[in-house]
>>> print(open('entry.csv').read())   # CSV, C-alpha atoms and all ligand atoms
chain,number,residue,atom,x,y,z
K,1,MET,CA,60.5,130.9,-30.8
K,2,PHE,CA,61.5,134.4,-31.5
K,3,LYS,CA,60.3,137.3,-33.7
K,4,ALA,CA,62.4,139.6,-35.8
K,5,LYS,CA,61.7,142.7,-38.0
K,6,THR,CA,63.5,143.6,-41.1
K,7,ASN,CA,63.2,147.0,-42.8
K,8,ASN,CA,64.1,146.0,-46.4
K,9,VAL,CA,64.9,143.0,-48.6
K,10,ASP,CA,68.6,143.2,-47.9
K,11,GLU,CA,68.1,142.9,-44.2
K,12,THR,CA,66.0,139.8,-44.8
K,13,ARG,CA,68.8,138.3,-46.9
K,14,GLN,CA,71.3,139.2,-44.2
K,15,LEU,CA,69.2,137.6,-41.5
K,16,ALA,CA,69.0,134.5,-43.6
K,17,ALA,CA,72.7,134.5,-44.3
K,18,ARG,CA,73.4,134.6,-40.6
K,19,LEU,CA,71.0,131.7,-40.1
K,20,ALA,CA,72.8,129.8,-42.8
K,21,GLU,CA,75.8,129.6,-40.5
K,22,PHE,CA,73.9,127.3,-38.2
K,23,VAL,CA,72.6,125.0,-40.9
K,24,ILE,CA,73.8,121.5,-40.9
K,25,SER,CA,73.4,118.6,-43.3
K,26,LYS,CA,69.8,117.1,-43.5
K,27,ASP,CA,68.2,120.2,-42.1
K,28,LEU,CA,64.7,121.1,-43.2
K,29,ILE,CA,63.4,124.7,-43.2
K,30,LEU,CA,59.8,125.5,-44.0
K,31,LEU,CA,59.1,129.0,-45.2
K,32,VAL,CA,55.6,130.3,-44.6
K,33,GLY,CA,54.0,133.5,-45.8
K,34,ASP,CA,51.9,135.2,-48.5
K,35,LEU,CA,53.0,135.9,-52.0
K,36,GLY,CA,55.7,138.6,-51.9
K,37,ALA,CA,56.4,138.1,-48.2
K,38,GLY,CA,60.0,137.4,-48.9
K,39,LYS,CA,60.4,133.6,-49.0
K,40,THR,CA,62.5,133.6,-52.1
K,41,ALA,CA,64.5,136.6,-50.8
K,42,PHE,CA,65.2,134.7,-47.6
K,43,THR,CA,66.3,131.6,-49.6
K,44,GLN,CA,68.7,133.8,-51.7
K,45,GLY,CA,70.4,135.1,-48.5
K,46,LEU,CA,70.6,131.6,-47.1
K,47,GLY,CA,72.0,130.2,-50.4
K,48,GLU,CA,74.6,133.0,-50.8
K,49,SER,CA,75.9,132.3,-47.3
K,50,LEU,CA,76.1,128.6,-48.1
K,51,GLY,CA,78.3,129.5,-51.0
K,52,VAL,CA,75.8,129.1,-53.8
K,53,THR,CA,77.0,131.2,-56.7
K,54,ASP,CA,74.1,130.5,-59.1
K,55,ALA,CA,71.3,133.0,-59.0
K,56,ILE,CA,68.5,131.6,-56.9
K,57,THR,CA,65.1,132.3,-58.4
K,58,SER,CA,61.6,131.3,-57.6
K,59,PRO,CA,61.1,127.7,-58.4
K,60,THR,CA,57.3,128.1,-58.7
K,61,PHE,CA,56.9,126.4,-62.1
K,62,ILE,CA,59.6,123.7,-61.5
K,63,LEU,CA,58.7,122.9,-57.9
K,64,ALA,CA,62.3,121.9,-57.0
K,65,ARG,CA,65.8,123.1,-57.7
K,66,ALA,CA,69.2,122.0,-56.4
K,67,TYR,CA,72.1,124.4,-55.9
K,68,THR,CA,75.6,123.6,-55.0
K,69,GLY,CA,77.3,125.3,-52.1
K,70,ARG,CA,79.0,124.2,-48.8
K,71,LEU,CA,76.0,121.9,-48.7
K,72,VAL,CA,73.6,121.2,-51.5
K,73,LEU,CA,70.6,123.5,-51.2
K,74,HIS,CA,67.3,122.0,-52.3
K,75,HIS,CA,64.8,124.8,-52.9
K,76,LEU,CA,61.2,123.8,-53.3
K,77,ASP,CA,58.0,125.7,-53.8
K,78,VAL,CA,54.9,123.8,-53.1
K,79,TYR,CA,52.4,126.6,-53.9
K,80,ARG,CA,50.9,124.7,-56.7
K,81,ILE,CA,50.5,121.4,-54.9
K,82,GLU,CA,46.9,120.7,-54.5
K,83,ASP,CA,47.0,117.3,-52.9
K,84,LEU,CA,49.3,115.8,-50.4
K,85,ASP,CA,49.7,112.8,-52.7
K,86,GLU,CA,51.6,115.0,-55.1
K,87,VAL,CA,54.3,115.5,-52.4
K,88,ARG,CA,55.4,111.9,-53.2
K,89,ASP,CA,56.6,113.1,-56.6
K,90,LEU,CA,59.1,115.4,-54.8
K,91,ALA,CA,60.9,112.4,-53.3
K,92,LEU,CA,61.3,114.4,-50.1
K,93,PRO,CA,62.8,111.5,-48.1
K,94,GLU,CA,65.6,111.2,-50.6
K,95,LEU,CA,66.3,114.9,-50.5
K,96,LEU,CA,66.3,114.9,-46.7
K,97,GLU,CA,68.8,112.0,-46.5
K,98,GLY,CA,71.4,113.7,-48.7
K,99,ASP,CA,74.3,115.9,-47.6
K,100,SER,CA,72.1,118.9,-48.1
K,101,VAL,CA,69.6,121.4,-46.6
K,102,THR,CA,66.0,121.5,-47.9
K,103,VAL,CA,64.1,124.8,-48.0
K,104,ILE,CA,60.4,124.7,-48.9
K,105,GLU,CA,58.4,127.8,-49.8
K,106,TRP,CA,54.7,127.5,-48.7
K,107,GLY,CA,55.9,124.7,-46.5
K,108,ASP,CA,52.8,125.0,-44.3
K,109,GLN,CA,50.8,123.4,-47.1
K,110,ILE,CA,52.5,120.1,-46.7
K,111,VAL,CA,53.2,119.9,-43.0
K,112,PRO,CA,51.4,116.5,-42.7
K,113,ALA,CA,53.8,115.1,-45.3
K,114,VAL,CA,57.2,116.2,-43.8
K,115,PRO,CA,59.1,114.8,-40.7
K,116,GLN,CA,58.1,116.8,-37.6
K,117,ASN,CA,61.6,118.1,-37.2
K,118,TYR,CA,62.3,121.4,-38.8
K,119,LEU,CA,62.7,125.1,-38.5
K,120,GLU,CA,59.7,127.2,-39.5
K,121,VAL,CA,60.3,130.8,-40.7
K,122,ARG,CA,57.1,132.7,-41.0
K,123,LEU,CA,57.2,136.0,-42.9
K,124,GLU,CA,54.5,138.6,-42.6
K,125,TYR,CA,54.0,142.1,-44.0
K,126,GLY,CA,54.6,145.0,-41.7
K,127,LEU,CA,52.8,148.3,-41.7
K,128,GLU,CA,55.3,149.9,-44.0
K,129,ASP,CA,56.1,148.7,-47.5
K,130,ASP,CA,59.5,147.2,-46.9
K,131,GLN,CA,58.9,145.9,-43.4
K,132,ARG,CA,58.6,142.3,-42.7
K,133,TYR,CA,58.1,140.3,-39.5
K,134,LEU,CA,59.8,137.0,-39.3
K,135,THR,CA,58.7,134.5,-36.7
K,136,ILE,CA,61.3,131.7,-36.3
K,137,SER,CA,60.3,128.5,-34.4
K,138,ARG,CA,61.5,125.0,-34.2
K,139,ILE,CA,59.4,121.9,-34.5
K,140,GLY,CA,61.0,118.8,-33.0
K,141,GLU,CA,64.4,118.5,-31.5
K,142,SER,CA,67.0,119.0,-34.3
K,143,TRP,CA,67.2,122.8,-33.8
K,144,LYS,CA,66.9,122.7,-30.0
K,145,ASN,CA,70.5,123.2,-29.2
K,146,ARG,CA,71.0,125.9,-31.9
K,147,MET,CA,68.1,128.2,-31.1
K,148,GLU,CA,69.8,130.3,-28.5
K,149,ALA,CA,72.9,130.9,-30.6
K,150,LEU,CA,70.8,131.5,-33.7
K,151,GLN,CA,68.8,134.1,-31.8
K,152,GLU,CA,72.0,135.9,-30.7
K,153,ALA,CA,73.3,135.9,-34.2
K,154,VAL,CA,70.3,137.8,-35.5
K,155,ASP,CA,70.1,139.9,-32.4
K,156,GLU,CA,69.9,143.2,-34.2
K,157,TRP,CA,66.6,142.4,-35.8
K,158,ILE,CA,65.0,140.7,-32.7
K,159,ILE,CA,61.8,142.4,-31.4
K,160,SER,CA,60.5,139.8,-29.0
K,161,GLU,CA,61.0,136.3,-27.6
K,201,LIG,P1,57.8,135.3,-51.9
K,201,LIG,O1,58.9,134.2,-52.3
K,201,LIG,O2,57.5,135.1,-50.5
K,201,LIG,O3,56.6,135.3,-52.8
K,201,LIG,P2,59.8,137.2,-52.8
K,201,LIG,O4,61.0,137.0,-52.0
K,201,LIG,O5,59.8,136.6,-54.2
K,201,LIG,O6,58.5,136.7,-52.0
K,201,LIG,O7,59.5,138.7,-53.0
K,201,LIG,C1,59.5,139.6,-51.9
K,201,LIG,C2,59.4,141.0,-52.5
K,201,LIG,O8,59.2,141.9,-51.4
K,201,LIG,C3,60.6,141.4,-53.2
K,201,LIG,O9,60.2,142.2,-54.3
K,201,LIG,C4,61.4,142.2,-52.2
K,201,LIG,O10,62.2,143.2,-52.8
K,201,LIG,C5,60.3,142.9,-51.5
K,201,LIG,N1,60.6,143.3,-50.1
K,201,LIG,C6,60.5,144.5,-49.6
K,201,LIG,N2,60.8,144.5,-48.3
K,201,LIG,C7,61.2,143.3,-48.0
K,201,LIG,C8,61.7,142.7,-46.8
K,201,LIG,N3,61.9,143.4,-45.6
K,201,LIG,N4,62.0,141.4,-46.8
K,201,LIG,C9,61.9,140.7,-47.9
K,201,LIG,N5,61.4,141.2,-49.1
K,201,LIG,C10,61.1,142.5,-49.1
K,202,MG,MG,58.8,132.7,-53.8
>>> encode(input="entry.csv", output="structure tokens", more="lines below")
Ligand code: ADP
Ligand code: MG
Amino acid sequence: MFKAKTNNVDETRQLAARLAEFVISKDLILLVGDLGAGKTAFTQGLGESLGVTDAITSPTFILARAYTGRLVLHHLDVYRIEDLDEVRDLALPELLEGDSVTVIEWGDQIVPAVPQNYLEVRLEYGLEDDQRYLTISRIGESWKNRMEALQEAVDEWIISE
């Protein structure tokens, strides 16, 4: 687990773009944080680095979108999900089996319904307007061998381990 600080939205996108270089097929990333924390901005940076050329917007009303890049990027927002039963409608197992990466905004709301093998990116407001703290942790084994290199790649924003 490590913690980073960004000073504006572009830095959050850049950090996510660096992270994208470590992403492999079937990865799951849960984005956690309040409204406006930067979950969609993070996904935009990640997507751009994956070669997505379409504009990535908040999927809040649609729940799930797929973008084509080096890998397919499934972008989900489960803010409106009220019941874990509704997660079934998202067909997550199918998404996670594909040659793709799955990013879920408000992912903490559906933790019991996802495989316990993912990267969690928690975004929090800083004291100043454009500051955000990002806490990046791995759950399960799939990110284990990548964490050190990932941390090095985002070194310029790291504030603690
Ligand atoms: P969420 O998806 O978490 O609701 P968004 O990514 O849609 O949040 O919006 C984040 C908002 O905060 C954007 O308007 C963005 O410009 C602004 N912002 C300001 N500073 C930052 C930062 N350091 N990181 C990310 N977003 C930031
Ligand atoms: Mg959003």
>>> residues_near_ligand(input="entry.csv", ligand="ligand MG 202 (chain K)", cutoff="7 Å", atoms="all atoms listed in the file", output="PyMOL selection string")
chain K and resi 35-36+38-40+58+60+105
>>> residues_around(input="entry.csv", residues="Met147 in chain K", least_positions_apart="4", cutoff="9 Å", atoms="all atoms listed in the file", output="tab-separated table (two decimals) with C-alpha atoms, in the coordinates of the input")
chain	number	residue	atom	x	y	z
K	1	MET	CA	60.50	130.90	-30.80
K	137	SER	CA	60.30	128.50	-34.40
K	138	ARG	CA	61.50	125.00	-34.20
K	143	TRP	CA	67.20	122.80	-33.80
K	151	GLN	CA	68.80	134.10	-31.80
K	152	GLU	CA	72.00	135.90	-30.70
>>> residues_around(input="entry.csv", residues="range 2-17 of chain K", least_positions_apart="6", cutoff="8 Å", atoms="only C-alpha atoms", output="PyMOL selection string")
chain K and resi 38+41-50+130-137+151+154+157-161
>>> atom_distance(input="entry.csv", atom1="CA of Ala55 in chain K", atom2="CA of Gly98 in chain K")
21.9 Å
>>> closest_residue(input="entry.csv", among="K:Asp77, K:Asp89, K:Asp129, K:Asp27", to="Asp108 in chain K", atoms="all atoms listed in the file")
K:Asp77
>>> closest_residue(input="entry.csv", among="K:Pro112, K:Gly51, K:Gly126, K:Gly69", to="ligand LIG 201 (chain K)", atoms="all atoms listed in the file")
K:Gly126
>>> atom_distance(input="entry.csv", atom1="atom O5 of ligand LIG 201 (chain K)", atom2="CA of Glu124 in chain K")
12.9 Å
>>> atom_distance(input="entry.csv", atom1="atom C8 of ligand LIG 201 (chain K)", atom2="CA of Val103 in chain K")
18.1 Å
>>> residues_near_point(input="entry.csv", point="(57.8, 114.6, -51.6)", cutoff="12 Å", atoms="all atoms listed in the file", output="CSV table (one decimal) with C-alpha atoms, in the coordinates of the input")
chain,number,residue,atom,x,y,z
K,63,LEU,CA,58.7,122.9,-57.9
K,64,ALA,CA,62.3,121.9,-57.0
K,76,LEU,CA,61.2,123.8,-53.3
K,77,ASP,CA,58.0,125.7,-53.8
K,78,VAL,CA,54.9,123.8,-53.1
K,81,ILE,CA,50.5,121.4,-54.9
K,83,ASP,CA,47.0,117.3,-52.9
K,84,LEU,CA,49.3,115.8,-50.4
K,85,ASP,CA,49.7,112.8,-52.7
K,86,GLU,CA,51.6,115.0,-55.1
K,87,VAL,CA,54.3,115.5,-52.4
K,88,ARG,CA,55.4,111.9,-53.2
K,89,ASP,CA,56.6,113.1,-56.6
K,90,LEU,CA,59.1,115.4,-54.8
K,91,ALA,CA,60.9,112.4,-53.3
K,92,LEU,CA,61.3,114.4,-50.1
K,93,PRO,CA,62.8,111.5,-48.1
K,94,GLU,CA,65.6,111.2,-50.6
K,95,LEU,CA,66.3,114.9,-50.5
K,96,LEU,CA,66.3,114.9,-46.7
K,102,THR,CA,66.0,121.5,-47.9
K,104,ILE,CA,60.4,124.7,-48.9
K,107,GLY,CA,55.9,124.7,-46.5
K,110,ILE,CA,52.5,120.1,-46.7
K,111,VAL,CA,53.2,119.9,-43.0
K,112,PRO,CA,51.4,116.5,-42.7
K,113,ALA,CA,53.8,115.1,-45.3
K,114,VAL,CA,57.2,116.2,-43.8
K,115,PRO,CA,59.1,114.8,-40.7
>>> closest_residue(input="entry.csv", among="K:Asp34, K:Asp54, K:Asp155, K:Asp99", to="ligand LIG 201 (chain K)", atoms="only C-alpha atoms and all ligand atoms")
K:Asp34
>>> closest_residue(input="entry.csv", among="K:Leu28, K:Leu71, K:Val52, K:Leu123", to="ligand LIG 201 (chain K)", atoms="only C-alpha atoms and all ligand atoms")
K:Leu123
>>> closest_residue(input="entry.csv", among="K:Ala37, K:Leu73, K:Ala153, K:Val101", to="ligand LIG 201 (chain K)", atoms="all atoms listed in the file")
K:Ala37
>>> closest_residue(input="entry.csv", among="K:Leu119, K:Ile56, K:Val32, K:Leu150", to="Leu19 in chain K", atoms="only C-alpha atoms")
K:Leu150
